[in-house]
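What's in coords-v3.csv: CSV, C-alpha atoms
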chain,number,residue,atom,x,y,z
A,1,MET,CA,79.2,85.8,131.9
A,2,SER,CA,77.5,84.2,129.0
A,3,HIS,CA,78.8,84.5,125.4
A,4,LEU,CA,75.9,86.9,124.5
A,5,GLU,CA,76.6,89.0,127.6
A,6,ARG,CA,80.3,89.2,126.8
A,7,ARG,CA,79.6,90.3,123.2
A,8,GLU,CA,77.2,93.0,124.5
A,9,LYS,CA,79.8,94.3,126.9
A,10,GLU,CA,82.4,94.3,124.2
A,11,ARG,CA,80.0,96.3,122.0
A,12,GLN,CA,79.4,98.8,124.8
A,13,MET,CA,83.1,99.2,125.6
A,14,ARG,CA,84.0,99.6,121.9
A,15,GLU,CA,81.4,102.3,121.6
A,16,ALA,CA,82.7,104.0,124.7
A,17,GLY,CA,86.2,104.1,123.2
A,18,ARG,CA,87.6,101.6,125.7
A,19,LEU,CA,88.0,98.5,123.6
A,20,PRO,CA,90.6,98.7,120.8
A,21,ASN,CA,89.9,97.0,117.5
A,22,GLY,CA,91.1,93.4,117.4
A,23,GLN,CA,90.7,93.0,121.1
A,24,SER,CA,88.3,90.8,123.1
A,25,LEU,CA,87.2,91.1,126.7
A,26,THR,CA,88.5,88.7,129.4
A,27,GLU,CA,87.5,88.4,133.0
A,28,LYS,CA,90.6,86.3,133.7
A,29,PHE,CA,94.2,87.6,133.9
A,30,PRO,CA,96.3,85.5,131.5
A,31,VAL,CA,99.9,85.0,132.4
A,32,LEU,CA,102.4,85.5,129.6
A,33,THR,CA,106.1,85.6,130.6
A,34,TYR,CA,109.3,85.0,128.6
A,35,GLY,CA,111.4,82.9,130.9
A,36,PRO,CA,111.0,81.8,134.5
A,37,THR,CA,109.4,83.7,137.4
A,38,PRO,CA,112.2,84.9,139.6
A,39,LYS,CA,112.1,84.4,143.4
A,40,PHE,CA,111.8,87.5,145.5
A,41,ASN,CA,114.1,88.0,148.5
A,42,PRO,CA,113.4,91.4,150.2
A,43,ALA,CA,116.8,91.3,151.9
A,44,THR,CA,118.7,91.3,148.6
A,45,TRP,CA,116.2,93.0,146.1
A,46,ASP,CA,117.0,96.5,144.9
A,47,LEU,CA,116.0,98.9,142.2
A,48,ARG,CA,118.7,100.8,140.3
A,49,VAL,CA,118.4,104.0,138.3
A,50,PHE,CA,121.2,104.9,135.9
A,51,GLY,CA,122.1,106.5,132.6
A,52,ALA,CA,121.3,110.2,131.9
A,53,VAL,CA,121.0,111.1,135.5
A,54,GLU,CA,123.1,113.4,137.7
A,55,ARG,CA,123.9,110.4,139.9
A,56,GLU,CA,122.9,106.8,140.0
A,57,ARG,CA,120.5,105.7,142.7
A,58,ARG,CA,119.5,102.5,144.4
A,59,TRP,CA,116.6,101.6,146.6
A,60,THR,CA,116.3,98.5,148.8
A,61,TRP,CA,112.8,97.0,149.1
A,62,GLU,CA,112.3,98.7,152.5
A,63,GLN,CA,113.4,102.0,151.1
A,64,PHE,CA,111.2,101.7,148.0
A,65,ILE,CA,108.0,100.9,149.8
A,66,GLN,CA,108.5,104.1,151.9
A,67,LEU,CA,108.0,106.3,148.9
A,68,PRO,CA,104.7,108.0,148.5
A,69,THR,CA,102.1,105.8,146.8
A,70,GLY,CA,99.0,106.2,144.7
A,71,GLN,CA,96.2,104.0,143.3
A,72,MET,CA,94.6,103.9,139.9
A,73,THR,CA,92.0,101.8,138.1
A,74,VAL,CA,92.8,101.3,134.4
A,75,ASP,CA,92.1,99.1,131.4
A,76,ILE,CA,94.9,96.9,130.1
A,77,HIS,CA,95.3,95.5,126.6
A,78,CYS,CA,97.6,92.6,125.6
A,79,VAL,CA,99.0,92.2,122.2
A,80,THR,CA,97.7,88.6,122.2
A,81,ARG,CA,94.3,90.3,121.8
A,82,TRP,CA,92.7,90.2,125.3
A,83,SER,CA,91.6,93.3,127.2
A,84,LYS,CA,90.8,93.4,130.9
A,85,PHE,CA,88.8,96.4,132.3
A,86,ASP,CA,88.9,98.2,135.5
A,87,THR,CA,92.1,96.7,137.0
A,88,THR,CA,93.2,98.4,140.2
A,89,TRP,CA,96.9,99.0,141.0
A,90,GLU,CA,98.8,100.6,143.8
A,91,GLY,CA,102.4,101.8,143.9
A,92,VAL,CA,104.6,104.8,143.1
A,93,MET,CA,103.3,107.0,140.3
A,94,PHE,CA,106.1,107.4,137.8
A,95,ARG,CA,105.7,111.2,137.8
A,96,ASP,CA,106.3,111.2,141.5
A,97,PHE,CA,109.2,108.9,141.1
A,98,LEU,CA,110.8,111.3,138.7
A,99,ARG,CA,110.9,113.9,141.5
A,100,GLU,CA,113.3,111.6,143.3
A,101,LEU,CA,115.7,111.9,140.4
A,102,GLU,CA,117.9,114.5,138.7
A,103,LEU,CA,117.7,113.8,135.0
A,104,THR,CA,120.2,115.3,132.6
A,105,ASP,CA,119.0,117.3,129.6
A,106,GLU,CA,120.0,114.2,127.5
A,107,ALA,CA,117.3,112.0,128.9
A,108,ARG,CA,114.9,111.1,126.1
A,109,PHE,CA,114.0,107.4,126.6
A,110,VAL,CA,113.4,105.0,129.5
A,111,ILE,CA,114.7,101.4,129.3
A,112,ALA,CA,113.2,99.0,131.8
A,113,HIS,CA,115.6,96.3,132.8
A,114,CYS,CA,114.1,93.2,134.4
A,115,ASP,CA,115.3,89.9,135.9
A,116,TYR,CA,117.0,87.5,133.5
A,117,GLY,CA,118.0,90.3,131.1
A,118,TYR,CA,114.5,91.2,129.7
A,119,THR,CA,114.2,94.9,128.6
A,120,THR,CA,111.5,97.0,127.1
A,121,ASN,CA,111.7,100.7,125.9
A,122,LEU,CA,109.5,103.7,125.8
A,123,THR,CA,110.0,107.4,125.4
A,124,LEU,CA,110.3,109.6,128.5
A,125,GLU,CA,107.3,111.5,127.2
A,126,ALA,CA,105.2,108.3,127.2
A,127,MET,CA,106.3,107.3,130.7
A,128,ASP,CA,105.8,110.8,132.1
A,129,ASP,CA,102.0,110.4,132.0
A,130,ASP,CA,99.5,110.7,134.8
A,131,ASP,CA,98.5,107.0,134.6
A,132,VAL,CA,102.0,105.3,134.6
A,133,MET,CA,103.0,103.5,137.7
A,134,LEU,CA,105.7,101.5,139.4
A,135,ALA,CA,103.2,99.0,140.8
A,136,THR,CA,103.7,96.9,144.0
A,137,LYS,CA,100.0,95.8,144.5
A,138,TYR,CA,97.2,94.5,142.3
A,139,GLU,CA,93.6,94.6,143.6
A,140,GLY,CA,94.8,95.4,147.1
A,141,ARG,CA,97.4,92.6,147.3
A,142,TRP,CA,101.1,92.6,147.1
A,143,LEU,CA,102.5,91.5,143.8
A,144,HIS,CA,105.1,89.4,145.5
A,145,GLU,CA,102.4,87.2,147.1
A,146,PRO,CA,102.7,83.6,145.8
A,147,GLU,CA,99.4,83.8,143.9
A,148,LEU,CA,100.4,87.0,142.1
A,149,ILE,CA,104.2,87.1,141.7
A,150,GLU,CA,103.9,85.7,138.2
A,151,HIS,CA,102.2,89.0,137.2
A,152,GLY,CA,105.5,90.8,137.8
A,153,GLY,CA,106.1,90.9,141.6
A,154,PRO,CA,107.5,92.5,143.5
A,155,LEU,CA,107.6,95.5,141.2
A,156,ARG,CA,106.4,96.2,137.6
A,157,THR,CA,105.6,99.1,135.5
A,158,VAL,CA,102.0,99.7,134.4
A,159,VAL,CA,101.6,101.7,131.2
A,160,PRO,CA,97.9,101.5,130.3
A,161,LYS,CA,98.2,103.4,127.0
A,162,ARG,CA,100.5,100.8,125.5
A,163,TYR,CA,100.1,97.0,124.9
A,164,PHE,CA,100.8,95.2,128.1
A,165,TRP,CA,104.2,93.9,127.1
A,166,LYS,CA,105.4,97.5,127.6
A,167,SER,CA,104.5,97.2,131.3
A,168,ALA,CA,107.7,95.5,132.4
A,169,LYS,CA,107.4,92.6,134.9
A,170,PHE,CA,110.0,91.8,137.6
A,171,LEU,CA,111.5,95.3,137.3
A,172,ARG,CA,115.1,95.7,138.6
A,173,ALA,CA,116.4,98.9,136.9
A,174,LEU,CA,115.4,102.0,135.0
A,175,GLU,CA,117.9,103.4,132.5
A,176,PHE,CA,117.4,106.9,131.2
A,177,SER,CA,119.0,107.2,127.8
A,178,PRO,CA,119.6,109.9,125.1
A,179,VAL,CA,119.0,107.2,122.4
A,180,ASP,CA,116.3,104.6,122.0
A,181,LYS,CA,117.3,101.0,122.7
A,182,PRO,CA,114.7,98.5,121.4
A,183,GLY,CA,113.9,95.9,124.0
A,184,PHE,CA,113.5,92.1,123.8
A,185,TRP,CA,110.3,92.0,121.8
A,186,GLU,CA,110.9,95.3,120.0
A,187,ALA,CA,114.2,94.1,118.6
A,188,GLY,CA,112.3,91.1,117.1
A,189,ALA,CA,108.9,91.5,115.5
A,190,TYR,CA,107.0,93.8,117.9
A,191,HIS,CA,106.2,97.5,117.2
A,192,ASN,CA,108.4,100.0,119.0
A,193,GLU,CA,105.5,102.1,120.2
A,194,GLY,CA,102.8,99.6,120.9
A,195,ASP,CA,99.7,101.8,121.0
A,196,PRO,CA,96.7,99.4,121.2
A,197,PHE,CA,94.3,102.0,119.7
A,198,LYS,CA,96.5,102.3,116.7
A,199,GLU,CA,96.9,98.5,116.6
A,200,GLU,CA,100.7,98.9,116.7
A,201,ARG,CA,101.4,95.2,117.2
A,202,PHE,CA,104.2,94.3,114.8
A,203,ASN,CA,107.0,96.0,113.0
A,204,ARG,CA,107.2,93.7,110.0
A,205,ARG,CA,104.5,93.7,107.3
A,206,GLY,CA,102.6,90.4,107.2
A,207,PHE,CA,104.0,89.0,110.5
Show the structure stored in the file as structure tokens.
Amino acid sequence: MSHLERREKERQMREAGRLPNGQSLTEKFPVLTYGPTPKFNPATWDLRVFGAVERERRWTWEQFIQLPTGQMTVDIHCVTRWSKFDTTWEGVMFRDFLRELELTDEARFVIAHCDYGYTTNLTLEAMDDDDVMLATKYEGRWLHEPELIEHGGPLRTVVPKRYFWKSAKFLRALEFSPVDKPGFWEAGAYHNEGDPFKEERFNRRGF
């Protein structure tokens, strides 16, 4: 795509309400990760759910991939100012996953815990949307394949209505909490909500 073609597509996407202010179109899929890419061992991997639930749960890899799955095609927006359109993901829709759980009345927030201690936080209301997914595949391929694992394999959240750092890579646990717990970036300079269409990038003026 030429520079002029890219600019024209950006104009069209912005007019269609799909390109937030301050963002530019990319056809690539940039990799931005804090820390190393973990190795995936399906024999030892598991996903834990804890906190404001009636009972803690764990799924092995084989158990998790037996859950009902869905597919969605969405736009994604990175806080570093790139946007990628029409990305296709497969996995367990978060609303369907909630049906596997018994939340207590205290559950208000979802804290994603990832390999190497990384966390990110969102409200339960934001996560309980029809386009939020626990993704295992990207463009028809498993995220744990060598060429894709750096994008969060074997499991990541995909939350299209938030900047992409809120879509937690290398997911290992979900904590349901009565109180908010700012994650790795949110405890520093990044905005707690991260809505790209409100340009909620940073939480300190002038950063």
Task: Distance of CA of Ser177 in chain A from CA of His113 in chain A, expressed in Å to one decimal place - done: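 It comes out at 12.5 Å.
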TODO: Tell me which protein, DNA and RNA residues are within 8 Å of Gly35 in chain A, counting only C-alpha atoms, leaving out same-chain ones fewer than 2 positions away, and put them as an NGL selection string.
DONE: :A and (33 or 37 or 116)
TODO: Please provide the set of residues having any atom within 12 Å of Glu175 in chain A, restricted to all atoms listed in the file, with same-chain residues fewer than 6 positions apart removed, written as number ranges by chain.
DONE: A: 47-53, 55-57, 101, 103, 107-114, 119-124, 181
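Among the candidates A:His3, A:Lys169, A:Arg14, A:Arg162, the one nearest to Ile149 in chain A when counting all atoms listed in the file is A:Lys169.
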- [ ] Would you work out the distance separating CA of Glu10 in chain A from CA of Glu90 in chain A, expressed in Å to one decimal?
- [x] 26.3 Å
Open item on the list: So, with all atoms listed in the file as the atoms that count, which of A:Leu98, A:Ala187, A:Leu4, A:Met72 lies closest to Tyr138 in chain A?
Closed with: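 Closest to Tyr138 in chain A of all the choices is A:Met72.
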Task: Nearest to Trp89 in chain A by atom-to-atom distance, counting only C-alpha atoms, from A:Ile65, A:Leu25, A:Leu174, A:Leu155 - done: A:Leu155
TODO: Return the single residue from A:Val74, A:Asp128, A:Tyr118, A:Glu193 that is closest to Asp96 in chain A, with distances computed using all atoms listed in the file.
DONE: A:Asp128
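Across A:Tyr34, A:Met133, A:Val92, A:Phe170, the tightest approach to Phe64 in chain A is made by A:Val92 when counting all atoms listed in the file.
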